[in-house]
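Asker: After the structure tokens below, expect a handful of questions from me.
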Amino acid sequence: MKFPKWQLHRGYWKAGVRENTMEAFNLAYQEGIDMVEMDVQISRDGVPHVYHDWTLKRFFHIDKKVVSLKSEELSGLGIPKLDDVLASSKVPQFLNVEVKSNSIFCFKVSRMVSRTIESSDSQKKILISSFNPMVLFWFRLFLPKVPRALIVGDSKLLKSWLFSVYMNLADPEFINSSFELIEEKITRDRLLQFEKPLMVWTVNDYVKAKTYLERGARSIISDVLPE
């Protein structure tokens with residue numbers, strides 16, 4: 001699948017709204033952006049919600065994990081459900097859904113997110129991404145026609161033999177790399193060994209973004225609007 005060259009990271013929150021909200025995605029749509037990246041994790045009762053941090057401290061000053069609250073409680077805080085985003089006609093056409101899990105036991109979150117996507121008939125506009133190769137492994141089984149991207153930002157992991165294991169488990173169509181790894185020759189060469197199209201995050205420098213695209217990057221993930 002061919003995705004747009006520019007993705008807004010967690011929506012257009014630079015306009016003065018909270019990241020990963022319907023407002024941020026609506027504003028991206030109004031600016032003519034064709035793709036946004038978002039973070040998804042599940043509530044205590046298994047409902048996928050769009051939120052980045054593991055806890056609610058940064059935005060709500062609540063020292064609790066997202067997974068410890070029920071869906072109704074998260075919705076009450078204005079944290080959108082994934083199915084609300086998928087159902088909206090006022091969000092960008094393509095969605096980069098980062099499924100968050102730092103555990104190898106990630107069957108539940110993977111299954112619940114895949115069911116939400118499947119029930120909304122949104123497969124043709126989704127890219128599933130994750131740092132966790134086991135998440136992508138499960139999506140290979142649950143939604144095999146939806147493209148996957150393995151996210152990498154750790155140079156030590158990338159240089160180790162373990163990253164090849166990650167790639168075999170995930171079998172991704174894309175690698176989503178931090179721009180720092182692109183800047184360093186040894187890590188850039190390591191990424192290129194896998195012969196996968198690269199998406200680069202989080203690039204807020206237009207000169208660097210243009211350079212990455214000219215050198216073959218498929219997409220830029222950025223906090224700012226394209227020039």
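Naming scheme: A, B, ... for chains in displayed order of the structure tokens; residues 1 onward per chain; ligands 1 onward as shown.
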For segment 22-130 of chain A against segment 196-205 of chain A, with a cut-off of 12 Å and counting only C-alpha atoms, what is the closest atom pair and its distance in Å to one decimal for every residue that makes the cut, ordered by chain and number, as JSON lines?
Answerer:
```
{"residue": "A:Glu37", "atom": "CA", "partner": "A:Trp201", "partner_atom": "CA", "distance": 10.3}
{"residue": "A:Asn96", "atom": "CA", "partner": "A:Met199", "partner_atom": "CA", "distance": 11.0}
{"residue": "A:Leu127", "atom": "CA", "partner": "A:Met199", "partner_atom": "CA", "distance": 11.5}
{"residue": "A:Ser129", "atom": "CA", "partner": "A:Met199", "partner_atom": "CA", "distance": 10.8}
```
Asker: Keeping only N, CA and C atoms, take the residues you just selected and write them out as an mmCIF file, in the first residue's frame.
Answerer:
```
data_model
loop_
_atom_site.group_PDB
_atom_site.id
_atom_site.type_symbol
_atom_site.label_atom_id
_atom_site.label_comp_id
_atom_site.auth_asym_id
_atom_site.auth_seq_id
_atom_site.Cartn_x
_atom_site.Cartn_y
_atom_site.Cartn_z
ATOM 1 N N GLU A 37 -0.628 9.783 12.752
ATOM 2 C CA GLU A 37 -0.163 8.705 13.624
ATOM 3 C C GLU A 37 -0.864 8.866 14.960
ATOM 4 N N ASN A 96 -2.054 5.751 10.965
ATOM 5 C CA ASN A 96 -0.942 4.950 11.461
ATOM 6 C C ASN A 96 -1.242 4.642 12.926
ATOM 7 N N LEU A 127 -2.324 1.494 8.819
ATOM 8 C CA LEU A 127 -0.995 0.919 9.011
ATOM 9 C C LEU A 127 -0.886 0.594 10.489
ATOM 10 N N SER A 129 1.472 -0.242 13.557
ATOM 11 C CA SER A 129 2.876 -0.129 13.923
ATOM 12 C C SER A 129 3.043 -0.410 15.411
#
```
Asker: Can you tell me, as a PyMOL selection string, which residues in segment 33-209 of chain A count as helix (DSSP H, G or I) by DSSP?
Answerer: chain A and resi 57-60+66-68+71-76+82-87+107-119+123-125+133-142+155-159+162-170+179-183+185-193+206-209
Asker: List as a list in words the protein and nucleic acid residues near Gln7 of chain A, meaning an atom at most 10 Å away when only C-alpha atoms are counted, but skip any in the same chain fewer than 4 places from it.
Answerer: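 Listed by chain and then number, they are Phe3, Gly11, Tyr12, Ala28, Ile33, Asp34, Met35, Val36, Glu37, Pro92, Phe94, Leu95, Asn96, Met199, Val200, Trp201, Thr202, Ser219, Ile220, Ile221, Ser222, Asp223, Val224, Leu225 and Pro226 of chain A.
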Asker: Give the answer as one residue: which of A:Met112, A:Tyr29, A:Thr187, A:Lys100 has the shortest atom-to-atom distance to Ser160 of chain A, using only C-alpha atoms?
Answerer: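 The closest residue to Ser160 of chain A is A:Thr187.
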Asker: Pick out the closest residue to Arg10 of chain A from this set: A:Gly46, A:Val97, A:Arg58, A:Ile175. Count only C-alpha atoms.
Answerer: A:Val97
Asker: Rounded to one decimal in Å, what is the spacing between atom CA of Asn26 of chain A and atom CA of Ala87 of chain A?
Answerer: 12.5 Å
